[in-house]
Number of protein chains: 2
Amino acid sequence: MFSRLQKICKKLEEENLDGLLLSSPANITYLTEYPSRDSYLLVSRKGNLYFTDSRYTQEAKTFLKGRAQVKDASGTTFKTIAQGLADLGLKRVGFESRYLPYAEYKRIHLDLNKRSLLIPTHSLVEELRQIKDAGEIKKIREAVKICIGALELMRNFIAPGKKEIEVVAEMERFIRYQGASNSSFDTIVATGAHAAYPHHISGQRKLSKAEPVLIDAGVEFKGYKSDLTRVYFLSKMDGLISKVYDIVRGAQLKAIEEIRPGTAISKIDRAARGYIAKKGYAPYFKHNLGHGLGLEIHELPNISPKSDIELEEGMVFTIEPGIYLPGKFGIRIEDMVLVTKKGCEVLSGALNK
Amino acid sequence: MFSRLQKICKKLEEENLDGLLLSSPANITYLTEYPSRDSYLLVSRKGNLYFTDSRYTQEAKTFLKGRAQVKDASGTTFKTIAQGLADLGLKRVGFESRYLPYAEYKRIHLDLNKRSLLIPTHSLVEELRQIKDAGEIKKIREAVKICIGALELMRNFIAPGKKEIEVVAEMERFIRYQGASNSSFDTIVATGAHAAYPHHISGQRKLSKAEPVLIDAGVEFKGYKSDLTRVYFLSKMDGLISKVYDIVRGAQLKAIEEIRPGTAISKIDRAARGYIAKKGYAPYFKHNLGHGLGLEIHELPNISPKSDIELEEGMVFTIEPGIYLPGKFGIRIEDMVLVTKKGCEVLSGALNK
């Protein structure tokens with residue numbers, strides 16, 4: 001049996017559960033190490049069942065040999081799942097309450113007809129996923145490396161008159177030649193006032209000499225994701241823009257200095273947020289300081305002022321303070337860090353800011 | 001008020017509901033005509049509320065003026081939603097049971113504390129979305145046109161020795177210069193035995209003269225999606241491949257011939273499936289014949305043998321029979337059709353097969 005599957009079985013015992021029904025594609029992928037789509041996974045000491053439809057059964061059987069039995073559930077998904085639970089004689093089965101839609105819960109519950117009890121669980125697998133193993137870190141490093149290359153490409157490509165979407169086009173081509181399977185989210189190329197919207201959709205607007213260009217990009221390598229943001233200038237910027245840039249950079253460094261195992265995450269956030277507040281820009285930095293990432297672009301840990309957890313070795317997350325002046329411009333700088341035994345490594349550190 | 005919002009309000013009256021809480025991004029986008037991310041929308045005769053977080057509030061306020069009031073729900077999403085429902089004095093509020101996760105339902109239900117009753121609904125907006133209006137059809141036509149251009153580009157690019165992912169790379173660049181914002185799903189470029197998996201992930205495998213190349217691609221234009229599949233040959237194929245190709249093409253034509261308002265969808269599916277069965281390949285065509293598409297890559301109507309609905313003017317969907325011989329190869333041909341007053345228009349019809 002796989003050690004990830006063993007770990008989750010141990011967790012199930014602690015939670016007094018006979019099995020866990022998973023519906024999150026990322027969690028299923030993590031446990032099976034098989035890129036999961038349109039599937040459900042039942043994990044238990046009595047056996048693992050993988051439910052999917054006829055488009056995937058053939059492929060899944062090949063990849064999941066020895067890990068899970070593949071059930072073709074085409075057109076009868078919930079009945080087949082309920083039957084699978086009942087056949088294994090599982091009494092108390094956890095489900096992922098944040099991922100299972102209400103209607104699917106109801107269907108399985110009805111089909112079970114009291115043979116098993118469905119019990120809501122929260123983040124059981126997500127908590128395991130917070131700590132990356134060596135194989136995962138290797139893939140993340142590669143995703144970061146390709147992204148750094150893509151940012152360099154874009155930095156050389158941008159020029160007054162180019163459209164935001166054309167910058168994205170060049171990046172989307174480049175990363176695939178470098179071994180990435182995809183970008184990890186819709187690349188943001190935002191100029192001028194657009195950059196004051198943290199999640200601008202790149203479009204037909206043309207770059208201009210007078211405005212900073214914000215690029216937020218990430219790539220996916222063997223399922224693992226990177227996420228970096230840079231702001232580039234096409235000419236000497238006016239004083240306010242440079243000033244805000246330096247404050248954002250300063251806030252990022254303040255946060256990174258604090259990162260080591262045992263530190264409260266809220267303290268990391270406070271280091272950056274406090275610095276921005278001291279400089280008078282508190283109202284313009286509203287989002288979280290960062291987020292974990294790996295198989296998903298946003299996963300645990302949240303780097304938030306409200307977090308009540310401490311950093312551990314093996315966590316990977318972004319540090320991305322930003323200041324957004326509505327109608328004017330926005331500056332965000334985002335790097336990725338890995339918590340090491342005694343401190344942290346800035347995975348995207350080699351990049352010239 | 002917007003006519004789409006009016007239509008759904010009328011539906012709510014028929015369902016004896018005071019309001020509807022939406023969580024499906026595509027449904028929210030449809031009703032507001034604003035590309036929605038990370039949001040919830042409450043629609044009611046007493047007012048519309050749009051709940052999002054601080055990353056989007058500024059942008060949302062600009063776009064939703066006169067359609068919905070924007071509520072910043074950062075960090076307090078479910079409490080803010082519950083309060084919004086209660087403030088409007090709504091007693092019976094529908095929710096999207098296929099999209100609202102169990103945990104979110106529970107949170108809102110608890111926060112409501114019996115001030116409003118949450119009632120599961122199913123596909124209320126999806127049913128409206130089945131019938132495309134003139135503006136939507138225009139966008140879909142453009143998405144199809146760009147996709148046809150991309151397929152031509154890829155047909156010219158493919159050659160023995162090129163990698164699957166390199167073909168994707170060129171396509172991803174091209175479509176953005178043509179005005180698309182994105183591909184509408186992970187482009188499938190599958191060669192040889194890979195093509196026998198209907199949803200292969202494109203990778204490092206090289207194209208070869210001896211094997212057919214299956215390309216399944218789509219693009220997004222102003223939110224609307226296209227989806228087409230072609231099989232290209234790099235040399236004269238052996239007899240079995242040509243034979244299977246002709247059967248798949250024949251099945252597609254049989255289905256298209258039957259498409260007109262009033263025809264049962266199951267009959268369309270039967271026309272193609274029956275043809276393949278008659279030729280002896282029934283066990284190798286397991287998936288549905290097609291799917292509706294628009295704001296989502298899969299939406300109503302399902303073109304399935306189990307469908308119990310009839311075609312209506314304005315429906316847009318794919319017709320994509322396929323025959324997959326495990327370990328050997330797979331052939332699928334996919335076109336998009338629009339149901340017209342008296343028959344149908346093959347939107348992707350100009351493309352040389």
# chains A, B, ... in the order shown; residues from 1 in each chain; ligands from 1
call {"tool": "closest_atom_pairs", "arguments": {"of": "chain B", "to": "chain A", "cutoff": "8 Å", "atoms": "only C-alpha atoms", "output": "Markdown table"}}
result
| residue | atom | partner | partner_atom | distance |
| --- | --- | --- | --- | --- |
| B:Ser54 | CA | A:Lys286 | CA | 6.3 |
| B:Arg55 | CA | A:Pro198 | CA | 5.6 |
| B:Tyr56 | CA | A:Tyr197 | CA | 7.0 |
| B:Gln58 | CA | A:Tyr197 | CA | 7.3 |
| B:Glu59 | CA | A:Tyr197 | CA | 6.6 |
| B:Ser97 | CA | A:Ala103 | CA | 4.9 |
| B:Arg98 | CA | A:Ala103 | CA | 5.2 |
| B:Tyr99 | CA | A:Pro101 | CA | 5.6 |
| B:Leu100 | CA | A:Pro101 | CA | 5.3 |
| B:Pro101 | CA | A:Pro101 | CA | 3.9 |
| B:Tyr102 | CA | A:Tyr102 | CA | 4.5 |
| B:Ala103 | CA | A:Ser97 | CA | 4.8 |
| B:Glu104 | CA | A:Arg98 | CA | 7.0 |
| B:Tyr105 | CA | A:Tyr102 | CA | 7.1 |
| B:Pro120 | CA | A:Ala103 | CA | 7.9 |
| B:Ile165 | CA | A:Arg176 | CA | 6.3 |
| B:Glu166 | CA | A:Tyr177 | CA | 6.2 |
| B:Val168 | CA | A:Arg176 | CA | 7.7 |
| B:Ala169 | CA | A:Arg173 | CA | 4.3 |
| B:Glu170 | CA | A:Arg173 | CA | 5.9 |
| B:Met171 | CA | A:Arg173 | CA | 7.9 |
| B:Glu172 | CA | A:Glu172 | CA | 6.0 |
| B:Arg173 | CA | A:Ala169 | CA | 4.3 |
| B:Phe174 | CA | A:Ala169 | CA | 7.2 |
| B:Ile175 | CA | A:Ala169 | CA | 7.9 |
| B:Arg176 | CA | A:Ala169 | CA | 5.5 |
| B:Tyr177 | CA | A:Glu166 | CA | 6.2 |
| B:Ser181 | CA | A:Gly203 | CA | 7.1 |
| B:Asn182 | CA | A:Asp186 | CA | 7.9 |
| B:Asp186 | CA | A:Asn182 | CA | 7.9 |
| B:Tyr197 | CA | A:Glu59 | CA | 6.5 |
| B:Pro198 | CA | A:Arg55 | CA | 5.6 |
| B:His199 | CA | A:Arg55 | CA | 6.7 |
| B:Ser202 | CA | A:Ser181 | CA | 7.6 |
| B:Gly203 | CA | A:Ser181 | CA | 7.1 |
| B:Lys286 | CA | A:Ser54 | CA | 6.3 |
| B:His287 | CA | A:Arg55 | CA | 6.5 |
| B:Pro326 | CA | A:Gln58 | CA | 7.8 |
call {"tool": "residues_around", "arguments": {"residues": "A:Leu31", "least_positions_apart": "3", "cutoff": "10 Å", "atoms": "only C-alpha atoms", "output": "MDAnalysis selection string"}}
result
chainID A and resid 2:8 22 26:28 34 41 43 67 125 128:129
call {"tool": "residues_around", "arguments": {"residues": "A:Lys328", "least_positions_apart": "2", "cutoff": "12 Å", "atoms": "only C-alpha atoms", "output": "list in words"}}
result
Thr191, Gly192, Ala193, His194, Ala195, Ala196, Tyr197, Ala210, Glu211, Pro212, Leu240, Ile241, Val244, Tyr284, Ile323, Tyr324, Leu325, Pro326, Gly330 and Ile331 of chain A
call {"tool": "select_by_dssp", "arguments": {"residues": "stretch 46-284 of chain A", "states": "strand (DSSP E or B)", "output": "NGL selection string"}}
result
:A and (49-52 or 69-72 or 92-96 or 101 or 117-121 or 163 or 182-183 or 188-191 or 206 or 213-217 or 219-221 or 224-225 or 228-232 or 264)
call {"tool": "write_last_selection", "arguments": {"atoms": "N, CA and C atoms", "output": "CSV table (one decimal), in the first residue's frame"}}
result
chain,number,residue,atom,x,y,z
A,49,LEU,N,-11.7,2.0,-3.5
A,49,LEU,CA,-12.5,2.0,-4.7
A,49,LEU,C,-12.4,3.3,-5.4
A,50,TYR,N,-12.2,3.3,-6.7
A,50,TYR,CA,-12.1,4.5,-7.6
A,50,TYR,C,-13.3,4.5,-8.5
A,51,PHE,N,-14.2,5.4,-8.4
A,51,PHE,CA,-15.4,5.5,-9.2
A,51,PHE,C,-15.2,6.5,-10.3
A,52,THR,N,-15.3,6.1,-11.6
A,52,THR,CA,-15.2,7.1,-12.7
A,52,THR,C,-16.2,6.7,-13.8
A,69,GLN,N,-9.4,-0.3,-6.7
A,69,GLN,CA,-10.2,-1.1,-7.7
A,69,GLN,C,-11.0,0.0,-8.5
A,70,VAL,N,-11.0,-0.1,-9.8
A,70,VAL,CA,-11.7,0.9,-10.6
A,70,VAL,C,-13.2,0.4,-10.8
A,71,LYS,N,-14.1,1.3,-10.5
A,71,LYS,CA,-15.5,0.9,-10.8
A,71,LYS,C,-16.1,1.9,-11.9
A,72,ASP,N,-16.6,1.3,-12.9
A,72,ASP,CA,-17.3,2.1,-13.9
A,72,ASP,C,-18.6,2.5,-13.4
A,92,ARG,N,-19.3,3.8,9.3
A,92,ARG,CA,-19.1,5.3,9.5
A,92,ARG,C,-18.1,5.8,8.5
A,93,VAL,N,-18.7,6.5,7.4
A,93,VAL,CA,-17.9,6.9,6.3
A,93,VAL,C,-17.8,8.4,6.3
A,94,GLY,N,-16.6,9.0,6.4
A,94,GLY,CA,-16.4,10.4,6.2
A,94,GLY,C,-16.6,10.9,4.8
A,95,PHE,N,-17.0,12.1,4.6
A,95,PHE,CA,-17.0,12.7,3.3
A,95,PHE,C,-16.4,14.1,3.4
A,96,GLU,N,-16.0,14.7,2.2
A,96,GLU,CA,-15.4,16.0,2.2
A,96,GLU,C,-16.4,17.0,2.1
A,101,PRO,N,-21.1,18.5,-3.2
A,101,PRO,CA,-22.2,19.3,-3.3
A,101,PRO,C,-23.4,18.7,-2.5
A,117,LEU,N,-23.4,5.3,7.6
A,117,LEU,CA,-23.6,6.7,8.0
A,117,LEU,C,-22.6,7.6,7.4
A,118,LEU,N,-23.0,8.7,6.7
A,118,LEU,CA,-22.1,9.7,6.1
A,118,LEU,C,-21.8,10.8,7.2
A,119,ILE,N,-20.5,11.0,7.4
A,119,ILE,CA,-20.1,12.0,8.4
A,119,ILE,C,-19.2,13.1,7.8
A,120,PRO,N,-19.6,14.3,8.0
A,120,PRO,CA,-18.8,15.4,7.4
A,120,PRO,C,-17.4,15.5,8.0
A,121,THR,N,-16.4,15.6,7.1
A,121,THR,CA,-15.0,15.9,7.6
A,121,THR,C,-14.5,17.1,6.9
A,163,LYS,N,-0.2,44.3,-26.9
A,163,LYS,CA,-1.4,44.1,-26.1
A,163,LYS,C,-1.1,43.1,-24.9
A,182,ASN,N,1.0,23.2,-18.6
A,182,ASN,CA,-0.1,24.3,-18.7
A,182,ASN,C,0.4,25.5,-17.8
A,183,SER,N,-0.3,26.6,-17.9
A,183,SER,CA,-0.2,27.6,-16.9
A,183,SER,C,-1.1,27.2,-15.8
A,188,ILE,N,-2.1,36.9,-15.5
A,188,ILE,CA,-2.5,38.3,-15.4
A,188,ILE,C,-1.4,39.2,-15.9
A,189,VAL,N,-1.8,39.9,-17.0
A,189,VAL,CA,-0.9,41.0,-17.5
A,189,VAL,C,-1.7,42.3,-17.4
A,190,ALA,N,-1.4,43.1,-16.5
A,190,ALA,CA,-2.3,44.3,-16.2
A,190,ALA,C,-1.4,45.6,-16.2
A,191,THR,N,-1.9,46.5,-17.0
A,191,THR,CA,-1.2,47.8,-17.1
A,191,THR,C,-2.0,48.9,-16.5
A,206,LYS,N,-3.4,48.0,-24.7
A,206,LYS,CA,-2.0,48.1,-25.1
A,206,LYS,C,-1.1,48.6,-23.9
A,213,VAL,N,3.8,47.6,-15.6
A,213,VAL,CA,3.2,46.4,-16.1
A,213,VAL,C,3.3,45.3,-15.1
A,214,LEU,N,2.1,44.9,-14.6
A,214,LEU,CA,2.1,43.8,-13.5
A,214,LEU,C,1.8,42.5,-14.2
A,215,ILE,N,2.7,41.5,-13.9
A,215,ILE,CA,2.5,40.2,-14.5
A,215,ILE,C,2.5,39.2,-13.3
A,216,ASP,N,1.4,38.4,-13.3
A,216,ASP,CA,1.2,37.4,-12.3
A,216,ASP,C,1.0,36.1,-13.0
A,217,ALA,N,2.0,35.2,-12.9
A,217,ALA,CA,2.0,34.0,-13.7
A,217,ALA,C,2.4,32.8,-13.0
A,219,VAL,N,3.1,28.2,-13.6
A,219,VAL,CA,3.0,27.1,-14.5
A,219,VAL,C,2.8,25.8,-13.7
A,220,GLU,N,2.3,24.8,-14.4
A,220,GLU,CA,2.1,23.5,-13.8
A,220,GLU,C,3.1,22.5,-14.4
A,221,PHE,N,3.8,21.8,-13.5
A,221,PHE,CA,4.8,20.8,-13.9
A,221,PHE,C,4.5,19.5,-13.2
A,224,TYR,N,2.2,20.0,-10.3
A,224,TYR,CA,2.6,20.9,-9.2
A,224,TYR,C,2.7,22.3,-9.8
A,225,LYS,N,2.3,23.3,-9.0
A,225,LYS,CA,2.1,24.7,-9.5
A,225,LYS,C,3.1,25.7,-8.9
A,228,LEU,N,4.1,33.4,-9.4
A,228,LEU,CA,5.0,34.6,-9.1
A,228,LEU,C,4.4,35.8,-9.7
A,229,THR,N,4.7,37.0,-9.1
A,229,THR,CA,4.3,38.2,-9.6
A,229,THR,C,5.4,39.2,-9.7
A,230,ARG,N,5.5,39.9,-10.8
A,230,ARG,CA,6.6,40.9,-11.0
A,230,ARG,C,5.9,42.2,-11.6
A,231,VAL,N,6.5,43.3,-11.3
A,231,VAL,CA,6.1,44.6,-11.9
A,231,VAL,C,7.2,45.1,-12.7
A,232,TYR,N,7.0,45.3,-14.0
A,232,TYR,CA,8.1,45.9,-14.8
A,232,TYR,C,7.8,47.3,-15.3
A,264,ALA,N,4.4,31.6,14.4
A,264,ALA,CA,3.0,31.7,14.1
A,264,ALA,C,2.8,32.4,12.7
call {"tool": "residues_around", "arguments": {"residues": "B:Gly274", "least_positions_apart": "2", "cutoff": "12 Å", "atoms": "only C-alpha atoms", "output": "NGL selection string"}}
result
:B and (247-248 or 250-252 or 254-255 or 266-272 or 276-283 or 285 or 289 or 305 or 321)
call {"tool": "residues_around", "arguments": {"residues": "A:Val316", "least_positions_apart": "3", "cutoff": "12 Å", "atoms": "only C-alpha atoms", "output": "PyMOL selection string"}}
result
chain A and resi 129-134+136-138+140-141+144+224-227+259-261+290-303+311-313+319+335-340+344-348
call {"tool": "residues_around", "arguments": {"residues": "B:Glu15", "least_positions_apart": "3", "cutoff": "10 Å", "atoms": "only C-alpha atoms", "output": "MDAnalysis selection string"}}
result
chainID B and resid 9:12 18 94 121 124
call {"tool": "atom_distance", "arguments": {"atom1": "atom CA of B:Lys145", "atom2": "atom CA of B:Glu258"}}
result
24.3 Å
call {"tool": "atom_distance", "arguments": {"atom1": "atom CA of A:Leu112", "atom2": "atom CA of A:Ala82"}}
result
5.1 Å
call {"tool": "select_by_dssp", "arguments": {"residues": "stretch 105-288 of chain B", "states": "alpha helix (DSSP H)", "output": "ChimeraX atom specification"}}
result
/B:105-112,124-129,134-157,164-177,239-257,265-278
call {"tool": "closest_residue", "arguments": {"among": "A:Gly223, A:Gly239, A:Gly161, A:Gly47", "to": "A:Leu207", "atoms": "only C-alpha atoms"}}
result
A:Gly161
